[in-house]
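Colleague: Input query.cif, format and content: mmCIF, N, CA and C atoms.
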```
data_data
#
loop_
_atom_site.label_atom_id
_atom_site.label_comp_id
_atom_site.auth_asym_id
_atom_site.auth_seq_id
_atom_site.Cartn_x
_atom_site.Cartn_y
_atom_site.Cartn_z
N MET W 205 -8.53 -20.02 7.49
CA MET W 205 -7.49 -19.68 8.44
C MET W 205 -7.93 -18.52 9.32
N ASP W 206 -7.65 -18.62 10.59
CA ASP W 206 -8.05 -17.59 11.54
C ASP W 206 -6.98 -16.52 11.72
N LYS W 207 -5.74 -16.86 11.47
CA LYS W 207 -4.65 -15.90 11.70
C LYS W 207 -4.67 -14.83 10.62
N ARG W 208 -4.48 -13.58 11.03
CA ARG W 208 -4.32 -12.46 10.10
C ARG W 208 -2.83 -12.17 10.00
N TYR W 209 -2.28 -12.27 8.82
CA TYR W 209 -0.85 -12.07 8.62
C TYR W 209 -0.55 -10.60 8.35
N SER W 210 0.55 -10.14 8.88
CA SER W 210 0.99 -8.75 8.69
C SER W 210 2.07 -8.71 7.60
N PHE W 211 2.44 -7.50 7.24
CA PHE W 211 3.54 -7.33 6.30
C PHE W 211 4.82 -7.95 6.87
N THR W 212 5.04 -7.76 8.17
CA THR W 212 6.22 -8.35 8.82
C THR W 212 6.18 -9.87 8.73
N ASP W 213 5.00 -10.46 8.94
CA ASP W 213 4.86 -11.92 8.81
C ASP W 213 5.21 -12.36 7.38
N PHE W 214 4.68 -11.63 6.41
CA PHE W 214 4.92 -11.97 5.01
C PHE W 214 6.40 -11.89 4.67
N ARG W 215 7.04 -10.85 5.16
CA ARG W 215 8.48 -10.71 4.93
C ARG W 215 9.24 -11.90 5.50
N GLU W 216 8.85 -12.34 6.67
CA GLU W 216 9.51 -13.49 7.30
C GLU W 216 9.22 -14.79 6.54
N ILE W 217 8.03 -14.92 5.99
CA ILE W 217 7.70 -16.09 5.17
C ILE W 217 8.64 -16.17 3.97
N ILE W 218 8.86 -15.04 3.31
CA ILE W 218 9.74 -15.02 2.13
C ILE W 218 11.17 -15.34 2.55
N ARG W 219 11.62 -14.77 3.66
CA ARG W 219 12.98 -15.09 4.16
C ARG W 219 13.11 -16.57 4.42
N ARG W 220 12.09 -17.16 5.03
CA ARG W 220 12.12 -18.58 5.38
C ARG W 220 12.16 -19.45 4.12
N LEU W 221 11.38 -19.06 3.11
CA LEU W 221 11.39 -19.81 1.85
C LEU W 221 12.77 -19.82 1.21
N ARG W 222 13.52 -18.72 1.35
CA ARG W 222 14.84 -18.60 0.72
C ARG W 222 15.97 -19.06 1.63
N ALA W 223 15.65 -19.42 2.85
CA ALA W 223 16.67 -19.85 3.82
C ALA W 223 17.29 -21.18 3.36
N PRO W 224 18.48 -21.49 3.87
CA PRO W 224 19.13 -22.76 3.49
C PRO W 224 18.25 -23.99 3.69
N ASP W 225 17.39 -23.98 4.68
CA ASP W 225 16.50 -25.12 4.91
C ASP W 225 15.08 -24.84 4.41
N GLY W 226 14.96 -23.86 3.52
CA GLY W 226 13.67 -23.48 2.96
C GLY W 226 13.32 -24.30 1.73
N CYS W 227 12.67 -23.67 0.79
CA CYS W 227 12.20 -24.33 -0.43
C CYS W 227 13.29 -24.33 -1.50
N PRO W 228 13.62 -25.51 -2.05
CA PRO W 228 14.66 -25.56 -3.08
C PRO W 228 14.36 -24.65 -4.28
N TRP W 229 13.11 -24.62 -4.74
CA TRP W 229 12.78 -23.78 -5.89
C TRP W 229 12.99 -22.31 -5.56
N ASP W 230 12.48 -21.86 -4.44
CA ASP W 230 12.62 -20.45 -4.06
C ASP W 230 14.08 -20.06 -3.89
N ARG W 231 14.89 -20.95 -3.32
CA ARG W 231 16.31 -20.65 -3.11
C ARG W 231 17.06 -20.50 -4.42
N GLU W 232 16.63 -21.22 -5.45
CA GLU W 232 17.31 -21.18 -6.75
C GLU W 232 17.01 -19.92 -7.55
N GLN W 233 15.98 -19.20 -7.18
CA GLN W 233 15.55 -18.07 -8.01
C GLN W 233 16.52 -16.91 -7.96
N THR W 234 16.60 -16.20 -9.10
CA THR W 234 17.42 -15.01 -9.25
C THR W 234 16.52 -13.92 -9.84
N HIS W 235 17.06 -12.71 -9.89
CA HIS W 235 16.29 -11.64 -10.54
C HIS W 235 15.93 -12.07 -11.96
N GLU W 236 16.91 -12.58 -12.67
CA GLU W 236 16.72 -12.97 -14.07
C GLU W 236 15.70 -14.11 -14.20
N SER W 237 15.81 -15.13 -13.36
CA SER W 237 14.90 -16.27 -13.49
C SER W 237 13.46 -15.91 -13.16
N LEU W 238 13.27 -14.85 -12.40
CA LEU W 238 11.92 -14.44 -12.00
C LEU W 238 11.24 -13.51 -13.01
N ILE W 239 11.95 -13.11 -14.05
CA ILE W 239 11.33 -12.21 -15.04
C ILE W 239 10.04 -12.80 -15.61
N PRO W 240 10.02 -14.05 -16.07
CA PRO W 240 8.76 -14.59 -16.60
C PRO W 240 7.63 -14.58 -15.56
N CYS W 241 7.96 -14.86 -14.32
CA CYS W 241 6.96 -14.85 -13.25
C CYS W 241 6.41 -13.44 -13.04
N MET W 242 7.29 -12.46 -13.03
CA MET W 242 6.86 -11.07 -12.85
C MET W 242 5.93 -10.65 -13.98
N LEU W 243 6.33 -10.94 -15.21
CA LEU W 243 5.49 -10.57 -16.36
C LEU W 243 4.12 -11.26 -16.29
N GLU W 244 4.12 -12.53 -15.96
CA GLU W 244 2.86 -13.28 -15.87
C GLU W 244 1.97 -12.71 -14.78
N GLU W 245 2.54 -12.42 -13.62
CA GLU W 245 1.73 -11.93 -12.50
C GLU W 245 1.17 -10.54 -12.77
N VAL W 246 1.95 -9.68 -13.41
CA VAL W 246 1.44 -8.34 -13.75
C VAL W 246 0.30 -8.47 -14.75
N GLN W 247 0.46 -9.33 -15.75
CA GLN W 247 -0.61 -9.53 -16.73
C GLN W 247 -1.87 -10.08 -16.05
N GLU W 248 -1.71 -11.00 -15.12
CA GLU W 248 -2.87 -11.54 -14.42
C GLU W 248 -3.53 -10.48 -13.54
N ALA W 249 -2.75 -9.57 -12.98
CA ALA W 249 -3.32 -8.47 -12.20
C ALA W 249 -4.14 -7.55 -13.11
N VAL W 250 -3.62 -7.29 -14.30
CA VAL W 250 -4.37 -6.47 -15.27
C VAL W 250 -5.70 -7.16 -15.60
N GLU W 251 -5.65 -8.45 -15.81
CA GLU W 251 -6.89 -9.19 -16.08
C GLU W 251 -7.82 -9.14 -14.87
N GLY W 252 -7.24 -9.15 -13.67
CA GLY W 252 -8.05 -9.03 -12.46
C GLY W 252 -8.78 -7.70 -12.38
N ILE W 253 -8.13 -6.65 -12.86
CA ILE W 253 -8.76 -5.33 -12.91
C ILE W 253 -9.94 -5.36 -13.89
N ARG W 254 -9.72 -5.96 -15.04
CA ARG W 254 -10.80 -6.07 -16.03
C ARG W 254 -11.97 -6.89 -15.50
N LEU W 255 -11.65 -7.98 -14.81
CA LEU W 255 -12.68 -8.83 -14.23
C LEU W 255 -13.47 -8.07 -13.16
N LEU W 256 -12.78 -7.28 -12.37
CA LEU W 256 -13.45 -6.47 -11.36
C LEU W 256 -14.43 -5.51 -12.03
N GLU W 257 -14.01 -4.87 -13.11
CA GLU W 257 -14.88 -3.94 -13.82
C GLU W 257 -16.12 -4.65 -14.37
N GLU W 258 -15.91 -5.87 -14.85
CA GLU W 258 -17.02 -6.63 -15.46
C GLU W 258 -17.97 -7.21 -14.42
N THR W 259 -17.41 -7.75 -13.34
CA THR W 259 -18.22 -8.53 -12.40
C THR W 259 -18.44 -7.87 -11.05
N LYS W 260 -17.63 -6.85 -10.73
CA LYS W 260 -17.64 -6.19 -9.42
C LYS W 260 -17.18 -7.14 -8.31
N ASP W 261 -16.57 -8.28 -8.69
CA ASP W 261 -16.03 -9.25 -7.72
C ASP W 261 -14.54 -8.95 -7.56
N ALA W 262 -14.15 -8.56 -6.36
CA ALA W 262 -12.77 -8.13 -6.10
C ALA W 262 -11.84 -9.27 -5.69
N ASP W 263 -12.36 -10.47 -5.47
CA ASP W 263 -11.53 -11.56 -4.97
C ASP W 263 -10.35 -11.88 -5.88
N ASN W 264 -10.59 -11.95 -7.18
CA ASN W 264 -9.51 -12.28 -8.11
C ASN W 264 -8.44 -11.21 -8.11
N LEU W 265 -8.85 -9.94 -8.13
CA LEU W 265 -7.87 -8.85 -8.13
C LEU W 265 -7.05 -8.89 -6.84
N CYS W 266 -7.69 -9.13 -5.73
CA CYS W 266 -6.97 -9.21 -4.45
C CYS W 266 -5.90 -10.31 -4.52
N GLU W 267 -6.27 -11.46 -5.04
CA GLU W 267 -5.33 -12.57 -5.16
C GLU W 267 -4.18 -12.22 -6.10
N GLU W 268 -4.49 -11.62 -7.23
CA GLU W 268 -3.46 -11.30 -8.21
C GLU W 268 -2.52 -10.20 -7.71
N LEU W 269 -3.04 -9.24 -6.98
CA LEU W 269 -2.16 -8.23 -6.38
C LEU W 269 -1.23 -8.87 -5.36
N GLY W 270 -1.70 -9.87 -4.65
CA GLY W 270 -0.84 -10.62 -3.75
C GLY W 270 0.30 -11.29 -4.49
N ASP W 271 0.00 -11.83 -5.67
CA ASP W 271 1.04 -12.46 -6.48
C ASP W 271 2.07 -11.44 -6.97
N VAL W 272 1.61 -10.23 -7.32
CA VAL W 272 2.55 -9.17 -7.71
C VAL W 272 3.41 -8.78 -6.50
N LEU W 273 2.78 -8.66 -5.34
CA LEU W 273 3.53 -8.34 -4.12
C LEU W 273 4.56 -9.43 -3.82
N LEU W 274 4.22 -10.67 -4.06
CA LEU W 274 5.18 -11.76 -3.89
C LEU W 274 6.40 -11.53 -4.76
N GLN W 275 6.20 -11.11 -6.00
CA GLN W 275 7.33 -10.85 -6.89
C GLN W 275 8.20 -9.71 -6.34
N VAL W 276 7.57 -8.66 -5.87
CA VAL W 276 8.34 -7.54 -5.29
C VAL W 276 9.13 -8.03 -4.09
N MET W 277 8.52 -8.82 -3.26
CA MET W 277 9.21 -9.32 -2.06
C MET W 277 10.34 -10.28 -2.41
N MET W 278 10.12 -11.14 -3.40
CA MET W 278 11.18 -12.06 -3.80
C MET W 278 12.39 -11.29 -4.33
N HIS W 279 12.15 -10.33 -5.20
CA HIS W 279 13.27 -9.54 -5.72
C HIS W 279 13.96 -8.76 -4.61
N SER W 280 13.18 -8.22 -3.69
CA SER W 280 13.77 -7.47 -2.58
C SER W 280 14.58 -8.38 -1.67
N GLN W 281 14.10 -9.57 -1.42
CA GLN W 281 14.83 -10.52 -0.58
C GLN W 281 16.13 -10.94 -1.26
N ILE W 282 16.07 -11.23 -2.53
CA ILE W 282 17.29 -11.59 -3.27
C ILE W 282 18.28 -10.43 -3.22
N ALA W 283 17.80 -9.22 -3.44
CA ALA W 283 18.68 -8.05 -3.40
C ALA W 283 19.28 -7.88 -2.00
N GLU W 284 18.50 -8.13 -0.96
CA GLU W 284 19.03 -8.03 0.40
C GLU W 284 20.13 -9.06 0.62
N GLU W 285 19.92 -10.27 0.14
CA GLU W 285 20.93 -11.32 0.26
C GLU W 285 22.21 -10.94 -0.49
N GLU W 286 22.06 -10.20 -1.57
CA GLU W 286 23.20 -9.76 -2.38
C GLU W 286 23.83 -8.48 -1.84
N GLY W 287 23.25 -7.91 -0.79
CA GLY W 287 23.77 -6.68 -0.21
C GLY W 287 23.46 -5.44 -1.03
N LEU W 288 22.43 -5.50 -1.87
CA LEU W 288 22.10 -4.38 -2.76
C LEU W 288 21.12 -3.40 -2.12
N PHE W 289 19.99 -3.90 -1.66
CA PHE W 289 18.97 -3.08 -1.01
C PHE W 289 17.98 -4.01 -0.32
N THR W 290 17.09 -3.42 0.47
CA THR W 290 16.07 -4.20 1.19
C THR W 290 14.69 -3.69 0.78
N ILE W 291 13.67 -4.40 1.22
CA ILE W 291 12.30 -3.94 0.97
C ILE W 291 12.08 -2.59 1.65
N ASP W 292 12.75 -2.35 2.77
CA ASP W 292 12.64 -1.05 3.43
C ASP W 292 13.18 0.06 2.52
N ASP W 293 14.25 -0.22 1.77
CA ASP W 293 14.78 0.74 0.83
C ASP W 293 13.80 1.00 -0.32
N VAL W 294 13.14 -0.06 -0.78
CA VAL W 294 12.14 0.07 -1.83
C VAL W 294 11.00 0.97 -1.35
N ILE W 295 10.53 0.72 -0.14
CA ILE W 295 9.44 1.51 0.44
C ILE W 295 9.88 2.96 0.65
N GLN W 296 11.09 3.14 1.13
CA GLN W 296 11.62 4.50 1.33
C GLN W 296 11.68 5.25 0.00
N GLY W 297 12.23 4.60 -1.01
CA GLY W 297 12.38 5.23 -2.31
C GLY W 297 11.05 5.62 -2.94
N ILE W 298 10.08 4.72 -2.91
CA ILE W 298 8.80 5.04 -3.53
C ILE W 298 8.05 6.08 -2.72
N SER W 299 8.21 6.06 -1.40
CA SER W 299 7.57 7.08 -0.57
C SER W 299 8.13 8.46 -0.88
N GLU W 300 9.45 8.56 -0.95
CA GLU W 300 10.09 9.84 -1.28
C GLU W 300 9.64 10.32 -2.66
N LYS W 301 9.57 9.39 -3.63
CA LYS W 301 9.16 9.77 -4.99
C LYS W 301 7.72 10.30 -5.00
N MET W 302 6.83 9.63 -4.30
CA MET W 302 5.44 10.08 -4.28
C MET W 302 5.31 11.47 -3.65
N ILE W 303 6.08 11.72 -2.61
CA ILE W 303 6.05 13.04 -1.97
C ILE W 303 6.63 14.10 -2.90
N ARG W 304 7.78 13.81 -3.52
CA ARG W 304 8.41 14.76 -4.45
C ARG W 304 7.51 15.08 -5.64
N ARG W 305 6.87 14.06 -6.16
CA ARG W 305 6.11 14.24 -7.39
C ARG W 305 4.67 14.70 -7.16
N HIS W 306 4.32 14.93 -5.93
CA HIS W 306 2.99 15.46 -5.60
C HIS W 306 3.12 16.73 -4.76
N PRO W 307 3.79 17.76 -5.28
CA PRO W 307 3.95 18.98 -4.49
C PRO W 307 2.62 19.67 -4.19
N HIS W 308 1.61 19.38 -4.98
CA HIS W 308 0.28 19.95 -4.73
C HIS W 308 -0.40 19.31 -3.53
N VAL W 309 0.12 18.18 -3.07
CA VAL W 309 -0.43 17.49 -1.90
C VAL W 309 0.50 17.67 -0.70
N PHE W 310 1.80 17.48 -0.92
CA PHE W 310 2.76 17.46 0.18
C PHE W 310 3.60 18.73 0.27
N GLY W 311 3.40 19.66 -0.62
CA GLY W 311 4.20 20.89 -0.62
C GLY W 311 3.32 22.10 -0.86
N ARG W 312 3.92 23.05 -1.51
CA ARG W 312 3.21 24.32 -1.74
C ARG W 312 2.69 24.46 -3.16
N GLY W 313 2.81 23.41 -3.95
CA GLY W 313 2.34 23.48 -5.33
C GLY W 313 0.83 23.46 -5.40
N THR W 314 0.35 23.70 -6.59
CA THR W 314 -1.09 23.63 -6.83
C THR W 314 -1.33 22.82 -8.09
N ALA W 315 -2.48 22.19 -8.13
CA ALA W 315 -2.92 21.45 -9.32
C ALA W 315 -4.44 21.45 -9.28
N ASN W 316 -5.02 22.00 -10.31
CA ASN W 316 -6.48 22.09 -10.37
C ASN W 316 -7.10 21.06 -11.29
N SER W 317 -6.25 20.25 -11.93
CA SER W 317 -6.78 19.22 -12.84
C SER W 317 -5.77 18.08 -12.94
N SER W 318 -6.26 16.97 -13.43
CA SER W 318 -5.37 15.82 -13.67
C SER W 318 -4.30 16.17 -14.68
N ALA W 319 -4.65 16.98 -15.66
CA ALA W 319 -3.67 17.39 -16.68
C ALA W 319 -2.52 18.16 -16.03
N GLU W 320 -2.83 19.05 -15.10
CA GLU W 320 -1.79 19.79 -14.40
C GLU W 320 -0.93 18.85 -13.56
N VAL W 321 -1.55 17.87 -12.92
CA VAL W 321 -0.80 16.89 -12.13
C VAL W 321 0.18 16.15 -13.03
N LEU W 322 -0.29 15.67 -14.18
CA LEU W 322 0.58 14.93 -15.10
C LEU W 322 1.70 15.79 -15.64
N GLN W 323 1.41 17.04 -15.94
CA GLN W 323 2.45 17.95 -16.43
C GLN W 323 3.53 18.15 -15.38
N THR W 324 3.12 18.40 -14.15
CA THR W 324 4.07 18.58 -13.06
C THR W 324 4.87 17.31 -12.84
N TRP W 325 4.21 16.16 -12.85
CA TRP W 325 4.87 14.85 -12.70
C TRP W 325 5.99 14.70 -13.73
N GLU W 326 5.69 14.97 -14.98
CA GLU W 326 6.67 14.81 -16.05
C GLU W 326 7.82 15.81 -15.91
N GLU W 327 7.52 17.03 -15.51
CA GLU W 327 8.57 18.03 -15.30
C GLU W 327 9.51 17.60 -14.18
N ILE W 328 8.95 17.14 -13.09
CA ILE W 328 9.76 16.69 -11.95
C ILE W 328 10.58 15.47 -12.36
N LYS W 329 9.95 14.53 -13.05
CA LYS W 329 10.64 13.32 -13.51
C LYS W 329 11.83 13.69 -14.41
N LYS W 330 11.61 14.64 -15.32
CA LYS W 330 12.69 15.07 -16.22
C LYS W 330 13.84 15.67 -15.42
N ARG W 331 13.54 16.53 -14.45
CA ARG W 331 14.59 17.13 -13.61
C ARG W 331 15.34 16.05 -12.83
N GLU W 332 14.62 15.07 -12.31
CA GLU W 332 15.25 13.99 -11.56
C GLU W 332 16.22 13.19 -12.45
N LYS W 333 15.78 12.89 -13.66
CA LYS W 333 16.65 12.14 -14.59
C LYS W 333 17.88 12.95 -14.95
N GLU W 334 17.72 14.25 -15.17
CA GLU W 334 18.86 15.11 -15.49
C GLU W 334 19.83 15.16 -14.32
N GLU W 335 19.31 15.27 -13.11
CA GLU W 335 20.15 15.31 -11.91
C GLU W 335 20.89 13.98 -11.73
N LYS W 336 20.19 12.89 -11.96
CA LYS W 336 20.82 11.56 -11.84
C LYS W 336 21.93 11.41 -12.87
N ALA W 337 21.68 11.84 -14.09
CA ALA W 337 22.69 11.76 -15.15
C ALA W 337 23.90 12.61 -14.80
N ARG W 338 23.66 13.80 -14.25
CA ARG W 338 24.75 14.68 -13.85
C ARG W 338 25.59 14.02 -12.75
N LYS W 339 24.93 13.45 -11.76
CA LYS W 339 25.66 12.79 -10.66
C LYS W 339 26.45 11.59 -11.16
N ASN W 340 25.87 10.83 -12.08
CA ASN W 340 26.57 9.68 -12.64
C ASN W 340 27.80 10.12 -13.44
N ALA W 341 27.66 11.23 -14.16
CA ALA W 341 28.80 11.76 -14.92
C ALA W 341 29.90 12.22 -13.99
N GLU W 342 29.52 12.85 -12.88
CA GLU W 342 30.52 13.30 -11.89
C GLU W 342 31.24 12.11 -11.25
N LYS W 343 30.53 11.02 -11.03
CA LYS W 343 31.14 9.83 -10.44
C LYS W 343 32.22 9.26 -11.35
N LYS W 344 32.00 9.36 -12.65
CA LYS W 344 32.94 8.80 -13.63
C LYS W 344 34.21 9.62 -13.74
N LEU W 345 34.18 10.86 -13.26
CA LEU W 345 35.36 11.72 -13.36
C LEU W 345 36.37 11.38 -12.34
#
```
Would you encode the structure as structure tokens?

Modeller:
Amino acid sequence: MDKRYSFTDFREIIRRLRAPDGCPWDREQTHESLIPCMLEEVQEAVEGIRLLEETKDADNLCEELGDVLLQVMMHSQIAEEEGLFTIDDVIQGISEKMIRRHPHVFGRGTANSSAEVLQTWEEIKKREKEEKARKNAEKKL
């Protein structure tokens, strides 16, 4: 194939597959029904990493990461149809998390070793969970 597909193209392909005149199988899928597919694709990606280490051939890993991305896009499309969130929300959330949890890169923090990075990551994660729990408790009041 000569065409190079973009993320926008891929997003539209997934929308089209789930459209009323799209693919019957894709339209029937739910978050729950896709669990086995997600687990299988993640395991195959792990095997692709091992294969890359053994053979230095990246083709399989590239393909398997595409399959994992398909799972992320399918879940995001289903969630968008349900009015829950979009792939843009997923990207926003993970971007914010990476910036928050890397203050040594995006802020004024410092980290001189991987151990320090992991310690900071866990501390930030713990604070985030505590804050989320506090907000959820306030909502219930």

Colleague: When you draw a straight line from atom C of Cys227 in chain W to CA of Phe289 in chain W, how long is it in Å?

Modeller: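 Result for atom C of Cys227 in chain W versus CA of Phe289 in chain W: 22.0 Å, one decimal.
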
Colleague: If I take CA of Met277 in chain W and CA of Lys301 in chain W, how far is one from the other in Å, to one decimal?

Modeller: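 CA of Lys301 in chain W lies 19.3 Å from CA of Met277 in chain W.
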
Colleague: May I ask which of the residues W:Phe310, W:Leu345, W:Arg305, W:His279 is the closest one to Glu332 in chain W, counting only C-alpha atoms?

Modeller: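 Looking only at the distances to Glu332 in chain W, the closest residue turns out to be W:Arg305.
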
Colleague: Quick one: pull the distance between CA of His308 in chain W and CA of Glu327 in chain W, Å, one decimal.

Modeller: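 Distance reported for this atom pair: 13.6 Å.
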
Colleague: Would you mind listing what lies within 7 Å of range 233-242 of chain W as a VMD selection string, with only N, CA and C atoms counted and same-chain residues fewer than 6 positions away left out?

Modeller: chain W and resid 272 275 279 282

Colleague: On this file, the PyMOL selection byres (((chain W and resi 219 and name CA) around 10) and name CA) gives some set of residues; write that set as a ChimeraX atom specification.

Modeller: /W:213-218,220-224,226,230-231,277-278,281-282,285

Colleague: Going by DSSP on the backbone, which bits of chain W are helix (DSSP H, G or I)? Write them as an MDAnalysis selection string, please.

Modeller: chainID W and resid 211:222 228:232 239:259 263:285 291:304 307:310 318:344

Colleague: Do a neighbour search on Asp292 in chain W at 8 Å with all atoms listed in the file, toss out local chain neighbours closer than 5 positions, and write the hits as a VMD selection string.

Modeller: chain W and resid 280 297 to 298

Colleague: Evaluate the PyMOL selection byres ((chain W and resi 247-256) around 8) here and jot the selected residues down as a PyMOL selection string.

Modeller: chain W and resi 241-246+257-272

Colleague: For range 287-295 of chain W, where the input has fewer atoms than it should, I would like all heavy atoms rebuilt and written as a PDB file, keeping the file's coordinate frame.

Modeller:
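Output file rebuild_0.pdb is given in full below:
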```pdb
ATOM      1  N   GLY W 287      23.250  -7.910  -0.790  1.00  0.00           N
ATOM      2  CA  GLY W 287      23.770  -6.680  -0.210  1.00  0.00           C
ATOM      3  C   GLY W 287      23.460  -5.440  -1.030  1.00  0.00           C
ATOM      4  O   GLY W 287      24.168  -4.435  -0.916  1.00  0.00           O
ATOM      5  N   LEU W 288      22.430  -5.500  -1.870  1.00  0.00           N
ATOM      6  CA  LEU W 288      22.100  -4.380  -2.760  1.00  0.00           C
ATOM      7  C   LEU W 288      21.120  -3.400  -2.120  1.00  0.00           C
ATOM      8  O   LEU W 288      21.361  -2.203  -2.109  1.00  0.00           O
ATOM      9  CB  LEU W 288      21.526  -4.917  -4.068  1.00  0.00           C
ATOM     10  CG  LEU W 288      22.444  -5.839  -4.862  1.00  0.00           C
ATOM     11  CD1 LEU W 288      21.713  -6.412  -6.072  1.00  0.00           C
ATOM     12  CD2 LEU W 288      23.704  -5.089  -5.279  1.00  0.00           C
ATOM     13  N   PHE W 289      19.990  -3.900  -1.660  1.00  0.00           N
ATOM     14  CA  PHE W 289      18.970  -3.080  -1.010  1.00  0.00           C
ATOM     15  C   PHE W 289      17.980  -4.010  -0.320  1.00  0.00           C
ATOM     16  O   PHE W 289      18.028  -5.229  -0.509  1.00  0.00           O
ATOM     17  CB  PHE W 289      18.255  -2.158  -2.000  1.00  0.00           C
ATOM     18  CG  PHE W 289      17.575  -2.866  -3.142  1.00  0.00           C
ATOM     19  CD1 PHE W 289      16.295  -3.399  -3.001  1.00  0.00           C
ATOM     20  CD2 PHE W 289      18.199  -2.981  -4.367  1.00  0.00           C
ATOM     21  CE1 PHE W 289      15.665  -4.049  -4.056  1.00  0.00           C
ATOM     22  CE2 PHE W 289      17.585  -3.632  -5.430  1.00  0.00           C
ATOM     23  CZ  PHE W 289      16.309  -4.160  -5.273  1.00  0.00           C
ATOM     24  N   THR W 290      17.090  -3.420   0.470  1.00  0.00           N
ATOM     25  CA  THR W 290      16.070  -4.200   1.190  1.00  0.00           C
ATOM     26  C   THR W 290      14.690  -3.690   0.780  1.00  0.00           C
ATOM     27  O   THR W 290      14.553  -2.657   0.132  1.00  0.00           O
ATOM     28  CB  THR W 290      16.219  -4.043   2.712  1.00  0.00           C
ATOM     29  OG1 THR W 290      15.875  -2.689   3.065  1.00  0.00           O
ATOM     30  CG2 THR W 290      17.636  -4.368   3.180  1.00  0.00           C
ATOM     31  N   ILE W 291      13.670  -4.400   1.220  1.00  0.00           N
ATOM     32  CA  ILE W 291      12.300  -3.940   0.970  1.00  0.00           C
ATOM     33  C   ILE W 291      12.080  -2.590   1.650  1.00  0.00           C
ATOM     34  O   ILE W 291      11.341  -1.754   1.133  1.00  0.00           O
ATOM     35  CB  ILE W 291      11.249  -4.986   1.417  1.00  0.00           C
ATOM     36  CG1 ILE W 291       9.828  -4.571   0.966  1.00  0.00           C
ATOM     37  CG2 ILE W 291      11.280  -5.203   2.924  1.00  0.00           C
ATOM     38  CD1 ILE W 291       9.616  -4.533  -0.520  1.00  0.00           C
ATOM     39  N   ASP W 292      12.750  -2.350   2.770  1.00  0.00           N
ATOM     40  CA  ASP W 292      12.640  -1.050   3.430  1.00  0.00           C
ATOM     41  C   ASP W 292      13.180   0.060   2.520  1.00  0.00           C
ATOM     42  O   ASP W 292      12.620   1.161   2.480  1.00  0.00           O
ATOM     43  CB  ASP W 292      13.392  -1.041   4.755  1.00  0.00           C
ATOM     44  CG  ASP W 292      12.761  -1.988   5.769  1.00  0.00           C
ATOM     45  OD1 ASP W 292      11.521  -2.091   5.804  1.00  0.00           O
ATOM     46  OD2 ASP W 292      13.522  -2.628   6.518  1.00  0.00           O
ATOM     47  N   ASP W 293      14.250  -0.220   1.770  1.00  0.00           N
ATOM     48  CA  ASP W 293      14.780   0.740   0.830  1.00  0.00           C
ATOM     49  C   ASP W 293      13.800   1.000  -0.320  1.00  0.00           C
ATOM     50  O   ASP W 293      13.641   2.130  -0.777  1.00  0.00           O
ATOM     51  CB  ASP W 293      16.124   0.271   0.255  1.00  0.00           C
ATOM     52  CG  ASP W 293      17.190   0.125   1.315  1.00  0.00           C
ATOM     53  OD1 ASP W 293      17.255   0.970   2.224  1.00  0.00           O
ATOM     54  OD2 ASP W 293      17.966  -0.853   1.233  1.00  0.00           O
ATOM     55  N   VAL W 294      13.140  -0.060  -0.780  1.00  0.00           N
ATOM     56  CA  VAL W 294      12.140   0.070  -1.830  1.00  0.00           C
ATOM     57  C   VAL W 294      11.000   0.970  -1.350  1.00  0.00           C
ATOM     58  O   VAL W 294      10.582   1.901  -2.045  1.00  0.00           O
ATOM     59  CB  VAL W 294      11.596  -1.312  -2.263  1.00  0.00           C
ATOM     60  CG1 VAL W 294      10.434  -1.177  -3.233  1.00  0.00           C
ATOM     61  CG2 VAL W 294      12.709  -2.169  -2.865  1.00  0.00           C
ATOM     62  N   ILE W 295      10.530   0.720  -0.140  1.00  0.00           N
ATOM     63  CA  ILE W 295       9.440   1.510   0.440  1.00  0.00           C
ATOM     64  C   ILE W 295       9.880   2.960   0.650  1.00  0.00           C
ATOM     65  O   ILE W 295       9.138   3.897   0.342  1.00  0.00           O
ATOM     66  CB  ILE W 295       8.946   0.874   1.752  1.00  0.00           C
ATOM     67  CG1 ILE W 295       8.266  -0.467   1.442  1.00  0.00           C
ATOM     68  CG2 ILE W 295       8.013   1.822   2.506  1.00  0.00           C
ATOM     69  CD1 ILE W 295       8.003  -1.333   2.661  1.00  0.00           C
TER      70      ILE W 295
END
```
